[in-house]
$ cat input29.pdb   # PDB, N, CA and C atoms, pLDDT in the B column
ATOM      1  N   MET A   1      -9.747  23.683  14.203  1.00 58.00           N
ATOM      2  CA  MET A   1      -9.363  22.932  13.013  1.00 58.00           C
ATOM      3  C   MET A   1     -10.562  22.092  12.579  1.00 58.00           C
ATOM      4  N   SER A   2     -10.838  22.090  11.268  1.00 66.00           N
ATOM      5  CA  SER A   2     -11.986  21.359  10.752  1.00 66.00           C
ATOM      6  C   SER A   2     -11.735  19.858  10.761  1.00 66.00           C
ATOM      7  N   GLU A   3     -12.818  19.084  10.575  1.00 67.00           N
ATOM      8  CA  GLU A   3     -12.694  17.628  10.498  1.00 67.00           C
ATOM      9  C   GLU A   3     -11.781  17.218   9.358  1.00 67.00           C
ATOM     10  N   ALA A   4     -11.907  17.915   8.217  1.00 63.00           N
ATOM     11  CA  ALA A   4     -11.064  17.585   7.065  1.00 63.00           C
ATOM     12  C   ALA A   4      -9.592  17.794   7.395  1.00 63.00           C
ATOM     13  N   ALA A   5      -9.291  18.872   8.093  1.00 63.00           N
ATOM     14  CA  ALA A   5      -7.898  19.153   8.450  1.00 63.00           C
ATOM     15  C   ALA A   5      -7.364  18.109   9.413  1.00 63.00           C
ATOM     16  N   VAL A   6      -8.182  17.693  10.373  1.00 63.00           N
ATOM     17  CA  VAL A   6      -7.767  16.660  11.317  1.00 63.00           C
ATOM     18  C   VAL A   6      -7.525  15.343  10.590  1.00 63.00           C
ATOM     19  N   ALA A   7      -8.426  14.988   9.683  1.00 61.00           N
ATOM     20  CA  ALA A   7      -8.265  13.743   8.921  1.00 61.00           C
ATOM     21  C   ALA A   7      -7.000  13.786   8.082  1.00 61.00           C
ATOM     22  N   MET A   8      -6.710  14.941   7.503  1.00 54.00           N
ATOM     23  CA  MET A   8      -5.512  15.061   6.676  1.00 54.00           C
ATOM     24  C   MET A   8      -4.249  14.836   7.492  1.00 54.00           C
ATOM     25  N   GLU A   9      -4.251  15.256   8.733  1.00 62.00           N
ATOM     26  CA  GLU A   9      -3.089  15.061   9.594  1.00 62.00           C
ATOM     27  C   GLU A   9      -2.803  13.577   9.796  1.00 62.00           C
ATOM     28  N   SER A  10      -3.824  12.752   9.680  1.00 61.00           N
ATOM     29  CA  SER A  10      -3.678  11.314   9.879  1.00 61.00           C
ATOM     30  C   SER A  10      -3.042  10.620   8.679  1.00 61.00           C
ATOM     31  N   PHE A  11      -3.020  11.266   7.561  1.00 67.00           N
ATOM     32  CA  PHE A  11      -2.490  10.679   6.340  1.00 67.00           C
ATOM     33  C   PHE A  11      -1.380  11.575   5.805  1.00 67.00           C
ATOM     34  N   GLU A  12      -0.173  11.317   6.274  1.00 68.00           N
ATOM     35  CA  GLU A  12       0.962  12.184   5.996  1.00 68.00           C
ATOM     36  C   GLU A  12       1.199  12.430   4.511  1.00 68.00           C
ATOM     37  N   GLN A  13       1.163  11.392   3.700  1.00 67.00           N
ATOM     38  CA  GLN A  13       1.424  11.563   2.270  1.00 67.00           C
ATOM     39  C   GLN A  13       0.375  12.448   1.615  1.00 67.00           C
ATOM     40  N   ILE A  14      -0.872  12.227   1.949  1.00 66.00           N
ATOM     41  CA  ILE A  14      -1.934  13.052   1.375  1.00 66.00           C
ATOM     42  C   ILE A  14      -1.809  14.479   1.878  1.00 66.00           C
ATOM     43  N   HIS A  15      -1.495  14.617   3.150  1.00 67.00           N
ATOM     44  CA  HIS A  15      -1.347  15.951   3.735  1.00 67.00           C
ATOM     45  C   HIS A  15      -0.262  16.745   3.008  1.00 67.00           C
ATOM     46  N   LYS A  16       0.844  16.081   2.664  1.00 70.00           N
ATOM     47  CA  LYS A  16       1.938  16.765   1.973  1.00 70.00           C
ATOM     48  C   LYS A  16       1.483  17.341   0.637  1.00 70.00           C
ATOM     49  N   VAL A  17       0.589  16.642  -0.036  1.00 69.00           N
ATOM     50  CA  VAL A  17       0.111  17.109  -1.337  1.00 69.00           C
ATOM     51  C   VAL A  17      -0.605  18.447  -1.198  1.00 69.00           C
ATOM     52  N   PHE A  18      -1.321  18.627  -0.114  1.00 68.00           N
ATOM     53  CA  PHE A  18      -2.125  19.824   0.075  1.00 68.00           C
ATOM     54  C   PHE A  18      -1.432  20.873   0.922  1.00 68.00           C
ATOM     55  N   SER A  19      -0.190  20.639   1.285  1.00 69.00           N
ATOM     56  CA  SER A  19       0.562  21.615   2.067  1.00 69.00           C
ATOM     57  C   SER A  19       1.627  22.244   1.178  1.00 69.00           C
ATOM     58  N   SER A  20       2.402  23.115   1.744  1.00 63.00           N
ATOM     59  CA  SER A  20       3.456  23.774   0.976  1.00 63.00           C
ATOM     60  C   SER A  20       4.562  22.800   0.578  1.00 63.00           C
ATOM     61  N   GLU A  21       4.605  21.623   1.210  1.00 60.00           N
ATOM     62  CA  GLU A  21       5.631  20.630   0.902  1.00 60.00           C
ATOM     63  C   GLU A  21       5.320  19.857  -0.380  1.00 60.00           C
ATOM     64  N   GLY A  22       4.063  19.824  -0.765  1.00 66.00           N
ATOM     65  CA  GLY A  22       3.658  18.998  -1.904  1.00 66.00           C
ATOM     66  C   GLY A  22       3.457  19.802  -3.163  1.00 66.00           C
ATOM     67  N   ASP A  23       3.256  19.087  -4.243  1.00 79.00           N
ATOM     68  CA  ASP A  23       3.007  19.724  -5.529  1.00 79.00           C
ATOM     69  C   ASP A  23       1.675  19.209  -6.062  1.00 79.00           C
ATOM     70  N   TYR A  24       0.616  19.859  -5.641  1.00 79.00           N
ATOM     71  CA  TYR A  24      -0.746  19.466  -5.995  1.00 79.00           C
ATOM     72  C   TYR A  24      -0.935  19.426  -7.519  1.00 79.00           C
ATOM     73  N   ASP A  25      -0.493  20.476  -8.197  1.00 83.00           N
ATOM     74  CA  ASP A  25      -0.676  20.543  -9.647  1.00 83.00           C
ATOM     75  C   ASP A  25       0.035  19.405 -10.366  1.00 83.00           C
ATOM     76  N   ALA A  26       1.247  19.072  -9.913  1.00 84.00           N
ATOM     77  CA  ALA A  26       1.996  17.977 -10.543  1.00 84.00           C
ATOM     78  C   ALA A  26       1.279  16.655 -10.333  1.00 84.00           C
ATOM     79  N   MET A  27       0.700  16.464  -9.151  1.00 83.00           N
ATOM     80  CA  MET A  27      -0.010  15.223  -8.887  1.00 83.00           C
ATOM     81  C   MET A  27      -1.248  15.116  -9.773  1.00 83.00           C
ATOM     82  N   ILE A  28      -1.986  16.207  -9.917  1.00 87.00           N
ATOM     83  CA  ILE A  28      -3.168  16.216 -10.777  1.00 87.00           C
ATOM     84  C   ILE A  28      -2.759  15.907 -12.223  1.00 87.00           C
ATOM     85  N   GLN A  29      -1.690  16.532 -12.690  1.00 89.00           N
ATOM     86  CA  GLN A  29      -1.216  16.283 -14.049  1.00 89.00           C
ATOM     87  C   GLN A  29      -0.806  14.826 -14.233  1.00 89.00           C
ATOM     88  N   ASN A  30      -0.166  14.256 -13.232  1.00 88.00           N
ATOM     89  CA  ASN A  30       0.253  12.855 -13.295  1.00 88.00           C
ATOM     90  C   ASN A  30      -0.966  11.935 -13.368  1.00 88.00           C
ATOM     91  N   LEU A  31      -1.959  12.192 -12.541  1.00 89.00           N
ATOM     92  CA  LEU A  31      -3.182  11.380 -12.571  1.00 89.00           C
ATOM     93  C   LEU A  31      -3.894  11.522 -13.911  1.00 89.00           C
ATOM     94  N   GLU A  32      -3.966  12.744 -14.432  1.00 91.00           N
ATOM     95  CA  GLU A  32      -4.618  12.956 -15.726  1.00 91.00           C
ATOM     96  C   GLU A  32      -3.866  12.231 -16.846  1.00 91.00           C
ATOM     97  N   ALA A  33      -2.533  12.263 -16.803  1.00 93.00           N
ATOM     98  CA  ALA A  33      -1.732  11.571 -17.818  1.00 93.00           C
ATOM     99  C   ALA A  33      -1.961  10.062 -17.740  1.00 93.00           C
ATOM    100  N   THR A  34      -2.066   9.541 -16.533  1.00 93.00           N
ATOM    101  CA  THR A  34      -2.325   8.115 -16.358  1.00 93.00           C
ATOM    102  C   THR A  34      -3.705   7.762 -16.912  1.00 93.00           C
ATOM    103  N   CYS A  35      -4.680   8.619 -16.658  1.00 93.00           N
ATOM    104  CA  CYS A  35      -6.029   8.381 -17.192  1.00 93.00           C
ATOM    105  C   CYS A  35      -6.019   8.386 -18.717  1.00 93.00           C
ATOM    106  N   THR A  36      -5.271   9.289 -19.308  1.00 94.00           N
ATOM    107  CA  THR A  36      -5.171   9.344 -20.765  1.00 94.00           C
ATOM    108  C   THR A  36      -4.564   8.053 -21.307  1.00 94.00           C
ATOM    109  N   ALA A  37      -3.499   7.586 -20.678  1.00 94.00           N
ATOM    110  CA  ALA A  37      -2.857   6.338 -21.112  1.00 94.00           C
ATOM    111  C   ALA A  37      -3.815   5.162 -20.959  1.00 94.00           C
ATOM    112  N   LEU A  38      -4.552   5.126 -19.876  1.00 94.00           N
ATOM    113  CA  LEU A  38      -5.516   4.046 -19.661  1.00 94.00           C
ATOM    114  C   LEU A  38      -6.636   4.091 -20.695  1.00 94.00           C
ATOM    115  N   GLN A  39      -7.065   5.292 -21.074  1.00 95.00           N
ATOM    116  CA  GLN A  39      -8.096   5.427 -22.103  1.00 95.00           C
ATOM    117  C   GLN A  39      -7.609   4.869 -23.432  1.00 95.00           C
ATOM    118  N   GLU A  40      -6.346   5.112 -23.745  1.00 95.00           N
ATOM    119  CA  GLU A  40      -5.778   4.582 -24.981  1.00 95.00           C
ATOM    120  C   GLU A  40      -5.753   3.056 -24.965  1.00 95.00           C
ATOM    121  N   ILE A  41      -5.354   2.489 -23.828  1.00 94.00           N
ATOM    122  CA  ILE A  41      -5.322   1.031 -23.697  1.00 94.00           C
ATOM    123  C   ILE A  41      -6.739   0.468 -23.780  1.00 94.00           C
ATOM    124  N   ALA A  42      -7.676   1.148 -23.121  1.00 94.00           N
ATOM    125  CA  ALA A  42      -9.071   0.685 -23.125  1.00 94.00           C
ATOM    126  C   ALA A  42      -9.673   0.705 -24.528  1.00 94.00           C
ATOM    127  N   GLY A  43      -9.101   1.524 -25.391  1.00 94.00           N
ATOM    128  CA  GLY A  43      -9.620   1.607 -26.748  1.00 94.00           C
ATOM    129  C   GLY A  43      -8.888   0.751 -27.760  1.00 94.00           C
ATOM    130  N   SER A  44      -7.672   0.317 -27.422  1.00 94.00           N
ATOM    131  CA  SER A  44      -6.904  -0.372 -28.451  1.00 94.00           C
ATOM    132  C   SER A  44      -6.190  -1.640 -27.988  1.00 94.00           C
ATOM    133  N   GLY A  45      -6.324  -2.008 -26.740  1.00 91.00           N
ATOM    134  CA  GLY A  45      -5.633  -3.192 -26.241  1.00 91.00           C
ATOM    135  C   GLY A  45      -6.388  -4.473 -26.543  1.00 91.00           C
ATOM    136  N   THR A  46      -5.836  -5.562 -26.043  1.00 94.00           N
ATOM    137  CA  THR A  46      -6.551  -6.837 -26.135  1.00 94.00           C
ATOM    138  C   THR A  46      -7.794  -6.748 -25.259  1.00 94.00           C
ATOM    139  N   GLU A  47      -8.676  -7.708 -25.391  1.00 95.00           N
ATOM    140  CA  GLU A  47      -9.900  -7.682 -24.580  1.00 95.00           C
ATOM    141  C   GLU A  47      -9.574  -7.663 -23.088  1.00 95.00           C
ATOM    142  N   ASP A  48      -8.584  -8.452 -22.675  1.00 95.00           N
ATOM    143  CA  ASP A  48      -8.185  -8.482 -21.269  1.00 95.00           C
ATOM    144  C   ASP A  48      -7.586  -7.142 -20.840  1.00 95.00           C
ATOM    145  N   GLU A  49      -6.735  -6.558 -21.683  1.00 94.00           N
ATOM    146  CA  GLU A  49      -6.145  -5.255 -21.390  1.00 94.00           C
ATOM    147  C   GLU A  49      -7.210  -4.169 -21.315  1.00 94.00           C
ATOM    148  N   LYS A  50      -8.174  -4.234 -22.223  1.00 95.00           N
ATOM    149  CA  LYS A  50      -9.268  -3.259 -22.217  1.00 95.00           C
ATOM    150  C   LYS A  50     -10.057  -3.329 -20.920  1.00 95.00           C
ATOM    151  N   ARG A  51     -10.355  -4.553 -20.493  1.00 96.00           N
ATOM    152  CA  ARG A  51     -11.130  -4.742 -19.263  1.00 96.00           C
ATOM    153  C   ARG A  51     -10.369  -4.203 -18.052  1.00 96.00           C
ATOM    154  N   ARG A  52      -9.081  -4.553 -17.960  1.00 95.00           N
ATOM    155  CA  ARG A  52      -8.270  -4.082 -16.825  1.00 95.00           C
ATOM    156  C   ARG A  52      -8.071  -2.571 -16.875  1.00 95.00           C
ATOM    157  N   ALA A  53      -7.845  -2.033 -18.067  1.00 95.00           N
ATOM    158  CA  ALA A  53      -7.656  -0.588 -18.207  1.00 95.00           C
ATOM    159  C   ALA A  53      -8.921   0.156 -17.806  1.00 95.00           C
ATOM    160  N   GLN A  54     -10.070  -0.366 -18.194  1.00 95.00           N
ATOM    161  CA  GLN A  54     -11.338   0.288 -17.841  1.00 95.00           C
ATOM    162  C   GLN A  54     -11.540   0.282 -16.325  1.00 95.00           C
ATOM    163  N   ALA A  55     -11.244  -0.826 -15.677  1.00 96.00           N
ATOM    164  CA  ALA A  55     -11.384  -0.901 -14.218  1.00 96.00           C
ATOM    165  C   ALA A  55     -10.418   0.077 -13.537  1.00 96.00           C
ATOM    166  N   ALA A  56      -9.196   0.126 -14.029  1.00 96.00           N
ATOM    167  CA  ALA A  56      -8.214   1.054 -13.460  1.00 96.00           C
ATOM    168  C   ALA A  56      -8.631   2.497 -13.720  1.00 96.00           C
ATOM    169  N   LEU A  57      -9.193   2.760 -14.888  1.00 95.00           N
ATOM    170  CA  LEU A  57      -9.630   4.100 -15.225  1.00 95.00           C
ATOM    171  C   LEU A  57     -10.735   4.580 -14.280  1.00 95.00           C
ATOM    172  N   VAL A  58     -11.628   3.703 -13.934  1.00 95.00           N
ATOM    173  CA  VAL A  58     -12.679   4.055 -12.971  1.00 95.00           C
ATOM    174  C   VAL A  58     -12.048   4.436 -11.629  1.00 95.00           C
ATOM    175  N   ALA A  59     -11.101   3.634 -11.162  1.00 94.00           N
ATOM    176  CA  ALA A  59     -10.446   3.902  -9.879  1.00 94.00           C
ATOM    177  C   ALA A  59      -9.656   5.212  -9.923  1.00 94.00           C
ATOM    178  N   TYR A  60      -8.883   5.416 -10.981  1.00 92.00           N
ATOM    179  CA  TYR A  60      -8.110   6.657 -11.101  1.00 92.00           C
ATOM    180  C   TYR A  60      -9.031   7.859 -11.216  1.00 92.00           C
ATOM    181  N   GLY A  61     -10.117   7.720 -11.950  1.00 91.00           N
ATOM    182  CA  GLY A  61     -11.071   8.819 -12.087  1.00 91.00           C
ATOM    183  C   GLY A  61     -11.685   9.204 -10.758  1.00 91.00           C
ATOM    184  N   ARG A  62     -12.031   8.224  -9.965  1.00 93.00           N
ATOM    185  CA  ARG A  62     -12.596   8.505  -8.647  1.00 93.00           C
ATOM    186  C   ARG A  62     -11.559   9.153  -7.733  1.00 93.00           C
ATOM    187  N   SER A  63     -10.330   8.664  -7.816  1.00 89.00           N
ATOM    188  CA  SER A  63      -9.251   9.246  -7.011  1.00 89.00           C
ATOM    189  C   SER A  63      -9.014  10.696  -7.398  1.00 89.00           C
ATOM    190  N   LEU A  64      -9.000  10.959  -8.686  1.00 89.00           N
ATOM    191  CA  LEU A  64      -8.799  12.311  -9.178  1.00 89.00           C
ATOM    192  C   LEU A  64      -9.923  13.230  -8.701  1.00 89.00           C
ATOM    193  N   GLN A  65     -11.136  12.752  -8.764  1.00 91.00           N
ATOM    194  CA  GLN A  65     -12.278  13.534  -8.302  1.00 91.00           C
ATOM    195  C   GLN A  65     -12.163  13.817  -6.806  1.00 91.00           C
ATOM    196  N   LEU A  66     -11.811  12.812  -6.026  1.00 88.00           N
ATOM    197  CA  LEU A  66     -11.672  12.985  -4.585  1.00 88.00           C
ATOM    198  C   LEU A  66     -10.573  13.984  -4.248  1.00 88.00           C
ATOM    199  N   ILE A  67      -9.439  13.881  -4.907  1.00 85.00           N
ATOM    200  CA  ILE A  67      -8.323  14.790  -4.637  1.00 85.00           C
ATOM    201  C   ILE A  67      -8.701  16.220  -4.991  1.00 85.00           C
ATOM    202  N   ARG A  68      -9.408  16.390  -6.086  1.00 86.00           N
ATOM    203  CA  ARG A  68      -9.863  17.739  -6.446  1.00 86.00           C
ATOM    204  C   ARG A  68     -10.830  18.291  -5.401  1.00 86.00           C
ATOM    205  N   GLU A  69     -11.750  17.448  -4.928  1.00 88.00           N
ATOM    206  CA  GLU A  69     -12.706  17.898  -3.918  1.00 88.00           C
ATOM    207  C   GLU A  69     -12.000  18.252  -2.607  1.00 88.00           C
ATOM    208  N   ILE A  70     -11.045  17.451  -2.200  1.00 82.00           N
ATOM    209  CA  ILE A  70     -10.279  17.755  -0.992  1.00 82.00           C
ATOM    210  C   ILE A  70      -9.526  19.065  -1.168  1.00 82.00           C
ATOM    211  N   GLY A  71      -8.899  19.236  -2.326  1.00 80.00           N
ATOM    212  CA  GLY A  71      -8.177  20.475  -2.607  1.00 80.00           C
ATOM    213  C   GLY A  71      -9.076  21.691  -2.522  1.00 80.00           C
ATOM    214  N   GLU A  72     -10.289  21.574  -3.049  1.00 84.00           N
ATOM    215  CA  GLU A  72     -11.235  22.680  -2.982  1.00 84.00           C
ATOM    216  C   GLU A  72     -11.620  22.987  -1.532  1.00 84.00           C
ATOM    217  N   GLN A  73     -11.852  21.937  -0.751  1.00 82.00           N
ATOM    218  CA  GLN A  73     -12.207  22.139   0.648  1.00 82.00           C
ATOM    219  C   GLN A  73     -11.056  22.773   1.431  1.00 82.00           C
ATOM    220  N   MET A  74      -9.842  22.299   1.175  1.00 75.00           N
ATOM    221  CA  MET A  74      -8.682  22.842   1.884  1.00 75.00           C
ATOM    222  C   MET A  74      -8.456  24.303   1.486  1.00 75.00           C
ATOM    223  N   ALA A  75      -8.734  24.660   0.253  1.00 78.00           N
ATOM    224  CA  ALA A  75      -8.547  26.029  -0.209  1.00 78.00           C
ATOM    225  C   ALA A  75      -9.537  26.970   0.462  1.00 78.00           C
ATOM    226  N   LYS A  76     -10.692  26.450   0.847  1.00 79.00           N
ATOM    227  CA  LYS A  76     -11.706  27.262   1.497  1.00 79.00           C
ATOM    228  C   LYS A  76     -11.331  27.606   2.935  1.00 79.00           C
ATOM    229  N   GLU A  77     -10.480  26.807   3.529  1.00 71.00           N
ATOM    230  CA  GLU A  77     -10.139  27.000   4.957  1.00 71.00           C
ATOM    231  C   GLU A  77      -9.056  28.014   5.150  1.00 71.00           C
TER     232      GLU A  77
END

$ encode --input "input29.pdb" --output "structure tokens"
Amino acid sequence: MSEAAVAMESFEQIHKVFSSEGDYDAMIQNLEATCTALQEIAGSGTEDEKRRAQAALVAYGRSLQLIREIGEQMAKE
């Protein structure tokens, strides 16, 4: 078992996403929808809302990138 597979076993919720129990595509769609909503707020909210939305968008974007990379690695195994 690879290091990635061992690490995934340590995080049950994340592991479920990449196993037959989870719905990887639905999670990706949910994250993308959240990013879209945050982009709208970042473009049209108050200055405080824009700042918070931009910070959240960075975090969600990084999470989305990480989940995609993990998915690609798991698909290779």

$ residues_around --input "input29.pdb" --residues "stretch 60-64 of chain A" --least-positions-apart "5" --cutoff "8 Å" --atoms "all atoms listed in the file" --output "PyMOL selection string"
chain A and resi 28+31-32+34-35+54-55+69-70

$ atom_distance --input "input29.pdb" --atom1 "atom C of A:Met74" --atom2 "atom N of A:Asp25"
13.1 Å

$ atom_distance --input "input29.pdb" --atom1 "atom C of A:Tyr24" --atom2 "atom C of A:Glu49"
28.0 Å

$ atom_distance --input "input29.pdb" --atom1 "atom CA of A:Glu72" --atom2 "atom CA of A:Ala59"
20.0 Å
